[in-house]
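Structure, as structure tokens:
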Amino acid sequence: MGVGNPLDVLVIGSGGREHAIAWKLRQSPGVGRLYAAPGNAGTAEIGENLNLRDSDIPGLLGAVRSRGIGLTVVGPEGPLAAGCVDAFRADGRLVFGPTQAAARLESSKAWAKLFMGRHGIPTAKAAAFRTAADAIAHIDRMTESTAVIKADGLAAGKGVVVANSRAEARNAVASVFSGAVPSSAISQVLVEERLTGTEVSVFAFVDGGYASEWVAACDYKRVGDNDTGPNTGGMGAYSPPEFWTQDLARTVRKNILEPVAAGMVSDGSPFTGVLYAGLMLTREGPKVIEFNCRLGDPEAQVILPRLHTDLLEILLAGAEGRLRDVAVDWSGRPHVCVVLASGGYPGKYRTGVEVTGIDRLGAGAVVFHAGTKRDGDRVVTNGGRVLSVVAGGADVGAARAAAYEGVSRIAFEGMIFRRDIAQRAAGRSHRIGLPRPGGS
Ligand code: AMP
Ligand code: GLY
């Protein structure tokens, strides 16, 4: 970039991921005005928030037309699965993200399984059922007593049960069909082989048959320390993982990334956007647990700070179908993200609680907002996951210490966070005294 007129850019979404995308874009000399829809108190500081829901595709397109916004990037899966990219493209707009057909990699777990089967991509064995009775009959016939039960469709993390016994598996099937997960998710259920190993999330920018180098991160889904309590959207992350090697990266590229990109092309629904694979590193090699069709949240908060390449250049090239012209380059510097959440999350929680201390953060850490909004000159909570505190360091221990030092400066009533993010990677020598939640 650097030549020509600056480009005005819209980021769709309102989470920590979208603030991180906007923050990275703000560093690009080629970006003019920066908009977020609907955004949060953090995106409002570096751009302008548009009061439009991320599901309001006609409204978003209208804003892009009337303001002459040159490029749109879609953060969350909802608008992608709803056909946001298709609508923008049909209107001749530059947009970064997969079409509705390509987003099926995430929006239908059953479709993704069939896709992987067709293209020989390693994954857990699974069978799909349309009725509870058929699924339960299958569970009773299985030789293994463990299984993973998954509702088809987008279920915001609520559609998966890892069952330790046949009884648990049967109950999970029953609860899927009884409406315990959102109704859009209940047309089919998958009964899947349970994989064991280390979990890792990997991300690549993909444009048809071309895929950039993967970058890997680990996230923490349970609300409590040592992976206890209910699943959440994500309570923290770090990148790169201590076990991620060049060898592993090559294997994953050859066995998963390249066949996925090529398979989507040959199936007639080429994928453009961020491909996110959740992998289990099993004894037989890496296997796919799930695909997502966008950056992870909170993984985006630890990988975007590692991106050397101008993000605008990548997104624009992707939107124009020439991503292979851009060398995507990641720094090896470890980053750690700790999510600060409202007490009660992922269940019921209060909002409108004043957040203090964001301005007292030193240069060693950055805050990405999620569930926040401005109330006069105060920042108040407006969601379950409120803030992500992110820091880099010479090693993961230093990054972790800096992130938790940042956390210690921030307070709001009822604030909760995990104290063990990246602990296993940092090792004993970096055990540090952690602040008390809610303390200042
Ligand atoms: P998903 O929404 O498909 O990522 O599943 C949520 C979580 O359930 C994953 O992060 C894994 O920890 C776990 N999980 C999903 N599928 C499997 C599987 N086949 N074997 C073991 N664990 C799984
Ligand atoms: N961190 C999990 C996700 O973004 O789906």
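Chain lettering (A, B, ...) mirrors the order of the structure tokens, residue numbering begins at 1 for each chain separately, and ligand numbering begins at 1 in order of display.
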(request) Would you list the contacts of stretch 363-376 of chain A as a PyMOL selection string, taking every protein, DNA or RNA residue within 7 Å and counting only C-alpha atoms, but skipping same-chain residues closer than 3 positions in sequence? (result) chain A and resi 14-16+19-20+40-42+379-391+402-403+406
Based on the selection just made, write N, CA, C and O atoms of those residues as a short mmCIF file (atom, residue, chain, number, x, y, z; two decimals), in the first residue's frame.
```cif
data_model
loop_
_atom_site.label_atom_id
_atom_site.label_comp_id
_atom_site.auth_asym_id
_atom_site.auth_seq_id
_atom_site.Cartn_x
_atom_site.Cartn_y
_atom_site.Cartn_z
N SER A 14 -18.57 -7.19 17.06
CA SER A 14 -18.48 -6.36 18.26
C SER A 14 -17.64 -6.96 19.38
O SER A 14 -17.70 -6.50 20.51
N GLY A 15 -16.87 -8.01 19.08
CA GLY A 15 -16.14 -8.69 20.14
C GLY A 15 -14.69 -8.25 20.25
O GLY A 15 -14.26 -7.30 19.59
N GLY A 16 -13.94 -8.97 21.09
CA GLY A 16 -12.52 -8.72 21.23
C GLY A 16 -11.80 -8.98 19.91
O GLY A 16 -10.85 -8.27 19.56
N HIS A 19 -12.23 -5.92 17.75
CA HIS A 19 -11.38 -4.81 18.19
C HIS A 19 -9.94 -5.09 17.78
O HIS A 19 -9.22 -4.19 17.32
N ALA A 20 -9.51 -6.34 17.89
CA ALA A 20 -8.14 -6.69 17.49
C ALA A 20 -7.94 -6.49 15.98
O ALA A 20 -6.89 -6.00 15.55
N ASN A 40 -17.69 -1.74 19.73
CA ASN A 40 -17.77 -1.64 21.19
C ASN A 40 -16.99 -0.39 21.60
O ASN A 40 -16.55 0.39 20.73
N ALA A 41 -16.80 -0.19 22.92
CA ALA A 41 -16.13 1.04 23.38
C ALA A 41 -14.69 1.12 22.87
O ALA A 41 -14.15 2.21 22.71
N GLY A 42 -14.08 -0.04 22.61
CA GLY A 42 -12.71 -0.05 22.11
C GLY A 42 -12.63 0.36 20.65
O GLY A 42 -11.77 1.17 20.26
N VAL A 379 -16.47 3.80 30.95
CA VAL A 379 -16.68 2.57 30.19
C VAL A 379 -17.44 1.62 31.11
O VAL A 379 -17.05 1.44 32.27
N VAL A 380 -18.55 1.05 30.63
CA VAL A 380 -19.32 0.11 31.45
C VAL A 380 -19.43 -1.24 30.75
O VAL A 380 -19.25 -1.33 29.53
N THR A 381 -19.68 -2.27 31.55
CA THR A 381 -19.79 -3.61 30.97
C THR A 381 -21.09 -3.72 30.17
O THR A 381 -22.09 -3.10 30.49
N ASN A 382 -21.02 -4.56 29.13
CA ASN A 382 -22.18 -4.70 28.26
C ASN A 382 -22.27 -6.13 27.70
O ASN A 382 -22.85 -6.36 26.66
N GLY A 383 -21.64 -7.08 28.41
CA GLY A 383 -21.67 -8.46 27.92
C GLY A 383 -20.97 -9.39 28.89
O GLY A 383 -20.52 -8.96 29.96
N GLY A 384 -20.88 -10.67 28.52
CA GLY A 384 -20.26 -11.67 29.37
C GLY A 384 -18.75 -11.55 29.35
O GLY A 384 -18.09 -11.39 30.38
N ARG A 385 -18.18 -11.65 28.16
CA ARG A 385 -16.74 -11.42 28.04
C ARG A 385 -16.56 -9.92 27.85
O ARG A 385 -17.06 -9.34 26.89
N VAL A 386 -15.84 -9.27 28.75
CA VAL A 386 -15.79 -7.81 28.79
C VAL A 386 -14.53 -7.27 28.10
O VAL A 386 -14.61 -6.40 27.24
N LEU A 387 -13.37 -7.78 28.50
CA LEU A 387 -12.10 -7.28 27.96
C LEU A 387 -11.15 -8.45 27.74
O LEU A 387 -11.25 -9.48 28.41
N SER A 388 -10.19 -8.27 26.82
CA SER A 388 -9.05 -9.19 26.69
C SER A 388 -7.81 -8.37 26.98
O SER A 388 -7.62 -7.32 26.37
N VAL A 389 -6.97 -8.86 27.88
CA VAL A 389 -5.69 -8.20 28.12
C VAL A 389 -4.61 -9.04 27.45
O VAL A 389 -4.51 -10.24 27.70
N VAL A 390 -3.82 -8.42 26.58
CA VAL A 390 -2.86 -9.15 25.74
C VAL A 390 -1.47 -8.56 25.92
O VAL A 390 -1.30 -7.33 25.93
N ALA A 391 -0.48 -9.44 26.04
CA ALA A 391 0.90 -8.96 26.08
C ALA A 391 1.80 -9.94 25.34
O ALA A 391 1.54 -11.14 25.28
N ALA A 402 3.48 -10.29 31.88
CA ALA A 402 3.06 -8.95 31.46
C ALA A 402 1.54 -8.87 31.30
O ALA A 402 0.92 -7.87 31.66
N ALA A 403 0.95 -9.94 30.79
CA ALA A 403 -0.52 -9.94 30.62
C ALA A 403 -1.20 -9.87 31.99
O ALA A 403 -2.12 -9.06 32.21
N GLY A 406 -0.99 -6.52 33.54
CA GLY A 406 -2.04 -5.65 32.98
C GLY A 406 -3.39 -5.93 33.65
O GLY A 406 -4.12 -5.00 34.01
#
```
(request) Within 9 Å of ligand 2, which residues show up when you count only C-alpha atoms and all ligand atoms? List them as a list in words, please. (result) Arg17, Pro76, Glu77, Ala156, Gly157, Ser201, Cys218, Asp219, Tyr220, Lys221, Thr232, Gly233, Gly234, Met235, Gly236, Ala237, Tyr276, Gly278, Asn292, Arg294, Leu295, Gly296, Asp297, Pro298, Glu299 and Ala300 of chain A
(request) Find the residues near ligand 1. Use a cut-off of 8 Å, count only C-alpha atoms and all ligand atoms, and write them as a PyMOL selection string. (result) chain A and resi 109+123-125+147-150+157-162+192-196+199+221+278+280+289-291
(request) Considering only C-alpha atoms, state which residue in the set A:Cys84, A:Glu258, A:Phe205, A:Gly273 is at the smallest distance from A:Val328. (result) A:Phe205
(request) Mind listing the strand (DSSP E) residues of stretch 97-222 of chain A, per DSSP on the backbone, as number ranges by chain? (result) A: 126-129, 147-151, 160-163, 189-192, 198-207, 210-211, 215-219, 222
(message) Under the rule that only C-alpha atoms are counted, which of A:Gly397, A:Ser165, A:Gly83, A:Val355 is the nearest residue to A:Asp56?
(response) A:Gly83
(message) I'd like the contact shell of A:Cys293 - 8 Å cut-off, only C-alpha atoms, skipping same-chain residues fewer than 5 positions apart - returned as a PyMOL selection string.
(response) chain A and resi 77+97-98+103+105-106+273-276
